[in-house]
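Raw contents of coords_17.pdb, PDB, C-alpha atoms:
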ATOM      1  CA  MET A   1      -7.192  16.279  -6.691  1.00  0.00           C
ATOM      2  CA  THR A   2      -5.817  14.290  -3.806  1.00  0.00           C
ATOM      3  CA  PRO A   3      -3.972  11.025  -4.527  1.00  0.00           C
ATOM      4  CA  SER A   4      -6.185   7.946  -4.785  1.00  0.00           C
ATOM      5  CA  ARG A   5      -3.678   5.454  -3.346  1.00  0.00           C
ATOM      6  CA  PRO A   6      -4.495   6.013   0.364  1.00  0.00           C
ATOM      7  CA  TYR A   7      -8.221   5.604  -0.290  1.00  0.00           C
ATOM      8  CA  LEU A   8      -7.722   2.471  -2.380  1.00  0.00           C
ATOM      9  CA  LEU A   9      -5.377   0.994   0.210  1.00  0.00           C
ATOM     10  CA  ARG A  10      -7.834   1.559   3.081  1.00  0.00           C
ATOM     11  CA  ALA A  11     -10.781   0.242   1.079  1.00  0.00           C
ATOM     12  CA  LEU A  12      -8.972  -2.913  -0.029  1.00  0.00           C
ATOM     13  CA  HIS A  13      -7.686  -3.548   3.499  1.00  0.00           C
ATOM     14  CA  GLU A  14     -11.236  -3.305   4.853  1.00  0.00           C
ATOM     15  CA  TRP A  15     -12.603  -5.524   2.067  1.00  0.00           C
ATOM     16  CA  ILE A  16      -9.984  -8.231   2.654  1.00  0.00           C
ATOM     17  CA  VAL A  17     -10.507  -8.224   6.455  1.00  0.00           C
ATOM     18  CA  ASP A  18     -14.312  -8.157   6.130  1.00  0.00           C
ATOM     19  CA  ASN A  19     -14.087 -11.314   4.022  1.00  0.00           C
ATOM     20  CA  GLY A  20     -12.101 -13.127   6.710  1.00  0.00           C
ATOM     21  CA  LEU A  21      -8.869 -13.125   4.703  1.00  0.00           C
ATOM     22  CA  THR A  22      -5.327 -12.031   5.572  1.00  0.00           C
ATOM     23  CA  PRO A  23      -4.202  -8.688   4.097  1.00  0.00           C
ATOM     24  CA  HIS A  24      -0.578  -8.497   3.008  1.00  0.00           C
ATOM     25  CA  LEU A  25       1.377  -5.481   1.791  1.00  0.00           C
ATOM     26  CA  LEU A  26       4.264  -5.713  -0.641  1.00  0.00           C
ATOM     27  CA  ILE A  27       6.653  -2.825  -0.055  1.00  0.00           C
ATOM     28  CA  ASN A  28       9.871  -1.493  -1.524  1.00  0.00           C
ATOM     29  CA  VAL A  29      12.061  -1.684   1.563  1.00  0.00           C
ATOM     30  CA  MET A  30      14.863   0.269  -0.162  1.00  0.00           C
ATOM     31  CA  GLY A  31      12.676   3.310  -0.865  1.00  0.00           C
ATOM     32  CA  GLU A  32      13.261   6.726   0.614  1.00  0.00           C
ATOM     33  CA  GLY A  33      11.706   7.152   4.050  1.00  0.00           C
ATOM     34  CA  VAL A  34      11.033   3.440   4.638  1.00  0.00           C
ATOM     35  CA  VAL A  35      11.734   2.227   8.161  1.00  0.00           C
ATOM     36  CA  ALA A  36      11.468  -1.565   8.050  1.00  0.00           C
ATOM     37  CA  PRO A  37      13.751  -4.532   8.777  1.00  0.00           C
ATOM     38  CA  GLU A  38      15.754  -4.915   5.565  1.00  0.00           C
ATOM     39  CA  GLU A  39      17.200  -8.233   6.737  1.00  0.00           C
ATOM     40  CA  PHE A  40      13.816  -9.889   6.110  1.00  0.00           C
ATOM     41  CA  ALA A  41      13.508  -8.498   2.575  1.00  0.00           C
ATOM     42  CA  GLU A  42      14.177 -10.389  -0.641  1.00  0.00           C
ATOM     43  CA  GLY A  43      15.311  -8.460  -3.682  1.00  0.00           C
ATOM     44  CA  GLY A  44      14.560  -5.160  -1.958  1.00  0.00           C
ATOM     45  CA  ARG A  45      10.934  -6.151  -1.332  1.00  0.00           C
ATOM     46  CA  LEU A  46       9.259  -7.082   1.915  1.00  0.00           C
ATOM     47  CA  ILE A  47       5.870  -8.687   2.498  1.00  0.00           C
ATOM     48  CA  LEU A  48       4.033  -7.487   5.596  1.00  0.00           C
ATOM     49  CA  ASN A  49       1.093  -9.331   7.131  1.00  0.00           C
ATOM     50  CA  ILE A  50      -1.157  -6.437   8.221  1.00  0.00           C
ATOM     51  CA  SER A  51      -4.047  -8.449   9.630  1.00  0.00           C
ATOM     52  CA  PRO A  52      -5.491  -7.106  12.891  1.00  0.00           C
ATOM     53  CA  ASN A  53      -4.094 -10.043  14.895  1.00  0.00           C
ATOM     54  CA  ALA A  54      -0.589  -9.750  13.385  1.00  0.00           C
ATOM     55  CA  VAL A  55       0.177  -6.055  13.910  1.00  0.00           C
ATOM     56  CA  GLY A  56      -0.392  -3.409  16.505  1.00  0.00           C
ATOM     57  CA  SER A  57      -1.151   0.269  16.049  1.00  0.00           C
ATOM     58  CA  LEU A  58      -1.905  -0.050  12.327  1.00  0.00           C
ATOM     59  CA  ALA A  59      -2.423   3.374  10.760  1.00  0.00           C
ATOM     60  CA  LEU A  60      -3.239   3.573   7.048  1.00  0.00           C
ATOM     61  CA  GLY A  61      -2.768   7.306   6.679  1.00  0.00           C
ATOM     62  CA  ASP A  62      -2.777   9.661   3.731  1.00  0.00           C
ATOM     63  CA  GLU A  63       1.027   9.686   3.466  1.00  0.00           C
ATOM     64  CA  PHE A  64       2.329   6.709   5.461  1.00  0.00           C
ATOM     65  CA  VAL A  65       1.494   3.208   6.622  1.00  0.00           C
ATOM     66  CA  GLU A  66       2.618   2.839  10.213  1.00  0.00           C
ATOM     67  CA  LEU A  67       2.492  -0.285  12.350  1.00  0.00           C
ATOM     68  CA  SER A  68       4.172  -2.323  15.025  1.00  0.00           C
ATOM     69  CA  ALA A  69       5.023  -5.938  14.192  1.00  0.00           C
ATOM     70  CA  ARG A  70       7.224  -8.791  15.349  1.00  0.00           C
ATOM     71  CA  PHE A  71      10.127  -9.901  13.166  1.00  0.00           C
ATOM     72  CA  GLY A  72      12.081 -12.891  14.407  1.00  0.00           C
ATOM     73  CA  GLY A  73      10.376 -12.499  17.782  1.00  0.00           C
ATOM     74  CA  VAL A  74      11.413  -8.862  18.181  1.00  0.00           C
ATOM     75  CA  SER A  75       8.851  -6.047  18.116  1.00  0.00           C
ATOM     76  CA  ARG A  76       9.693  -3.359  15.539  1.00  0.00           C
ATOM     77  CA  GLN A  77       8.082  -0.123  14.395  1.00  0.00           C
ATOM     78  CA  VAL A  78       7.529   0.053  10.633  1.00  0.00           C
ATOM     79  CA  THR A  79       6.895   3.216   8.636  1.00  0.00           C
ATOM     80  CA  VAL A  80       6.300   3.082   4.886  1.00  0.00           C
ATOM     81  CA  PRO A  81       5.564   6.078   2.665  1.00  0.00           C
ATOM     82  CA  LEU A  82       2.558   5.239   0.481  1.00  0.00           C
ATOM     83  CA  SER A  83       4.697   5.732  -2.613  1.00  0.00           C
ATOM     84  CA  GLU A  84       6.678   2.628  -1.535  1.00  0.00           C
ATOM     85  CA  VAL A  85       3.609   0.396  -1.174  1.00  0.00           C
ATOM     86  CA  LEU A  86       3.685  -1.790  -4.274  1.00  0.00           C
ATOM     87  CA  ALA A  87       0.603  -3.961  -3.661  1.00  0.00           C
ATOM     88  CA  ILE A  88      -2.067  -5.054  -1.213  1.00  0.00           C
ATOM     89  CA  TYR A  89      -3.589  -8.504  -1.540  1.00  0.00           C
ATOM     90  CA  ALA A  90      -5.221 -11.368   0.342  1.00  0.00           C
ATOM     91  CA  ARG A  91      -2.741 -14.120   1.194  1.00  0.00           C
ATOM     92  CA  GLU A  92      -5.297 -16.872   0.641  1.00  0.00           C
ATOM     93  CA  ASN A  93      -6.333 -16.051  -2.923  1.00  0.00           C
ATOM     94  CA  GLY A  94      -4.044 -13.262  -4.166  1.00  0.00           C
ATOM     95  CA  ARG A  95      -6.934 -10.882  -4.828  1.00  0.00           C
ATOM     96  CA  GLY A  96      -6.104  -7.216  -4.364  1.00  0.00           C
ATOM     97  CA  MET A  97      -4.305  -4.489  -6.264  1.00  0.00           C
ATOM     98  CA  VAL A  98      -0.839  -3.774  -7.610  1.00  0.00           C
ATOM     99  CA  PHE A  99      -0.056  -0.071  -7.598  1.00  0.00           C
ATOM    100  CA  THR A 100       1.763   1.629 -10.446  1.00  0.00           C
ATOM    101  CA  GLU A 101       4.508   4.118  -9.753  1.00  0.00           C
ATOM    102  CA  GLU A 102       2.271   7.138 -10.064  1.00  0.00           C
ATOM    103  CA  ASP A 103      -1.159   5.448  -9.741  1.00  0.00           C
ATOM    104  CA  GLY A 104      -3.390   8.461 -10.007  1.00  0.00           C
ATOM    105  CA  ASP A 105      -1.097  10.759  -8.046  1.00  0.00           C
ATOM    106  CA  LEU A 106      -0.387  13.044 -10.982  1.00  0.00           C
ATOM    107  CA  GLU A 107      -2.517  15.990 -11.894  1.00  0.00           C
ATOM    108  CA  PRO A 108      -4.680  15.199 -14.911  1.00  0.00           C
ATOM    109  CA  PRO A 109      -3.784  17.042 -18.107  1.00  0.00           C
ATOM    110  CA  PRO A 110      -5.757  20.222 -18.688  1.00  0.00           C
ATOM    111  CA  ASN A 111      -8.993  19.608 -20.537  1.00  0.00           C
ATOM    112  CA  ARG A 112      -9.130  20.776 -24.108  1.00  0.00           C
ATOM    113  CA  PRO A 113     -12.366  21.149 -25.952  1.00  0.00           C
ATOM    114  CA  GLY A 114     -12.990  18.121 -28.093  1.00  0.00           C
ATOM    115  CA  LEU A 115     -15.640  19.629 -30.308  1.00  0.00           C
ATOM    116  CA  ARG A 116     -15.283  19.970 -34.035  1.00  0.00           C
ATOM    117  CA  VAL A 117     -17.618  21.036 -36.787  1.00  0.00           C
ATOM    118  CA  VAL A 118     -19.018  18.168 -38.824  1.00  0.00           C
ATOM    119  CA  LYS A 119     -20.841  19.021 -42.047  1.00  0.00           C
TER     120      LYS A 119
END
Could you render the structure from this file as structure tokens?
Amino acid sequence: MTPSRPYLLRALHEWIVDNGLTPHLLINVMGEGVVAPEEFAEGGRLILNISPNAVGSLALGDEFVELSARFGGVSRQVTVPLSEVLAIYARENGRGMVFTEEDGDLEPPPNRPGLRVVK
């Protein structure tokens, strides 16, 4: 099966925006493949406002989140592998989802028959 994280991320982003709230991403800025301004991070984590009026060229893809945003008045390109997205939530009420390290990205264990004879 394909990983669920990209689908969950897109669905929650749409849900937050449709409800007139501000979607934020919490990312691991120190993760492999992350291109983001580390100087704005705290403890290796960075919060990104990904509302339509805050970013340009937002792409919530199957492998990466890509966007253009302003940091300290300077436009920067940001690329985040989905494995480094830790959470998506609405700024106003905190509703959203925290992702686990593997969050459905592993293959399920092979099914074994669970039948037994009961007398």
**Report entry** Test item: residues at most 10 Å from Thr100 of chain A, all atoms listed in the file, excluding those fewer than 6 positions along its chain, as an MDAnalysis selection string
**Finding:** chainID A and resid 5 83 85:87
Query raised in the report: So which residues get picked by the PyMOL selection byres ((chain A and resi 55) around 12) here, written as a ChimeraX atom specification?
Result: /A:22-24,48-54,56-59,65-71,75-78
Those residues with C-alpha atoms, as a PDB file, in the coordinates of the input please?
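The resulting file, part.pdb, is shown below:
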ATOM      1  CA  THR A  22      -5.327 -12.031   5.572  1.00  0.00           C
ATOM      2  CA  PRO A  23      -4.202  -8.688   4.097  1.00  0.00           C
ATOM      3  CA  HIS A  24      -0.578  -8.497   3.008  1.00  0.00           C
ATOM      4  CA  LEU A  48       4.033  -7.487   5.596  1.00  0.00           C
ATOM      5  CA  ASN A  49       1.093  -9.331   7.131  1.00  0.00           C
ATOM      6  CA  ILE A  50      -1.157  -6.437   8.221  1.00  0.00           C
ATOM      7  CA  SER A  51      -4.047  -8.449   9.630  1.00  0.00           C
ATOM      8  CA  PRO A  52      -5.491  -7.106  12.891  1.00  0.00           C
ATOM      9  CA  ASN A  53      -4.094 -10.043  14.895  1.00  0.00           C
ATOM     10  CA  ALA A  54      -0.589  -9.750  13.385  1.00  0.00           C
ATOM     11  CA  GLY A  56      -0.392  -3.409  16.505  1.00  0.00           C
ATOM     12  CA  SER A  57      -1.151   0.269  16.049  1.00  0.00           C
ATOM     13  CA  LEU A  58      -1.905  -0.050  12.327  1.00  0.00           C
ATOM     14  CA  ALA A  59      -2.423   3.374  10.760  1.00  0.00           C
ATOM     15  CA  VAL A  65       1.494   3.208   6.622  1.00  0.00           C
ATOM     16  CA  GLU A  66       2.618   2.839  10.213  1.00  0.00           C
ATOM     17  CA  LEU A  67       2.492  -0.285  12.350  1.00  0.00           C
ATOM     18  CA  SER A  68       4.172  -2.323  15.025  1.00  0.00           C
ATOM     19  CA  ALA A  69       5.023  -5.938  14.192  1.00  0.00           C
ATOM     20  CA  ARG A  70       7.224  -8.791  15.349  1.00  0.00           C
ATOM     21  CA  PHE A  71      10.127  -9.901  13.166  1.00  0.00           C
ATOM     22  CA  SER A  75       8.851  -6.047  18.116  1.00  0.00           C
ATOM     23  CA  ARG A  76       9.693  -3.359  15.539  1.00  0.00           C
ATOM     24  CA  GLN A  77       8.082  -0.123  14.395  1.00  0.00           C
ATOM     25  CA  VAL A  78       7.529   0.053  10.633  1.00  0.00           C
TER      26      VAL A  78
END
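Against this structure, the PyMOL selection byres ((chain A and resi 31) around 12) ends up with Ile27, Asn28, Val29, Met30, Glu32, Gly33, Val34, Val35, Ala36, Glu38, Gly44, Arg45, Leu46, Thr79, Val80, Pro81, Leu82, Ser83, Glu84, Val85 and Leu86 of chain A.
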Atoms kept (C-alpha atoms) for selection, written as a JSON list (two decimals), in the frame of the given file:
[["chain", "number", "residue", "atom", "x", "y", "z"],
["A", 27, "ILE", "CA", 6.65, -2.82, -0.06],
["A", 28, "ASN", "CA", 9.87, -1.49, -1.52],
["A", 29, "VAL", "CA", 12.06, -1.68, 1.56],
["A", 30, "MET", "CA", 14.86, 0.27, -0.16],
["A", 32, "GLU", "CA", 13.26, 6.73, 0.61],
["A", 33, "GLY", "CA", 11.71, 7.15, 4.05],
["A", 34, "VAL", "CA", 11.03, 3.44, 4.64],
["A", 35, "VAL", "CA", 11.73, 2.23, 8.16],
["A", 36, "ALA", "CA", 11.47, -1.56, 8.05],
["A", 38, "GLU", "CA", 15.75, -4.92, 5.56],
["A", 44, "GLY", "CA", 14.56, -5.16, -1.96],
["A", 45, "ARG", "CA", 10.93, -6.15, -1.33],
["A", 46, "LEU", "CA", 9.26, -7.08, 1.92],
["A", 79, "THR", "CA", 6.90, 3.22, 8.64],
["A", 80, "VAL", "CA", 6.30, 3.08, 4.89],
["A", 81, "PRO", "CA", 5.56, 6.08, 2.66],
["A", 82, "LEU", "CA", 2.56, 5.24, 0.48],
["A", 83, "SER", "CA", 4.70, 5.73, -2.61],
["A", 84, "GLU", "CA", 6.68, 2.63, -1.54],
["A", 85, "VAL", "CA", 3.61, 0.40, -1.17],
["A", 86, "LEU", "CA", 3.68, -1.79, -4.27]]
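Pairwise distance (atom CA of Phe40 of chain A, atom CA of Ala11 of chain A) equals 27.1 Å.
For the atom pair formed by atom CA of Leu12 of chain A and atom CA of Glu63 of chain A, the distance is 16.5 Å, given to one decimal.
Straight-line separation from atom CA of Val17 of chain A to atom CA of Glu42 of chain A: 25.8 Å.
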Report task. Find the spatial neighbours of Asn93 of chain A, counting all atoms listed in the file, within a cut-off of 12 Å - ignore same-chain residues fewer than 2 positions away - and output them as a ChimeraX atom specification. Result -> /A:16,19-24,88-91,95-96
Requested in this report: Scan for residues within 6 Å of the point (-6.9, 9.3, 2.4) in the coordinates of the file, using only C-alpha atoms, and reply as an NGL selection string.
Outcome: :A and (6-7 or 62)
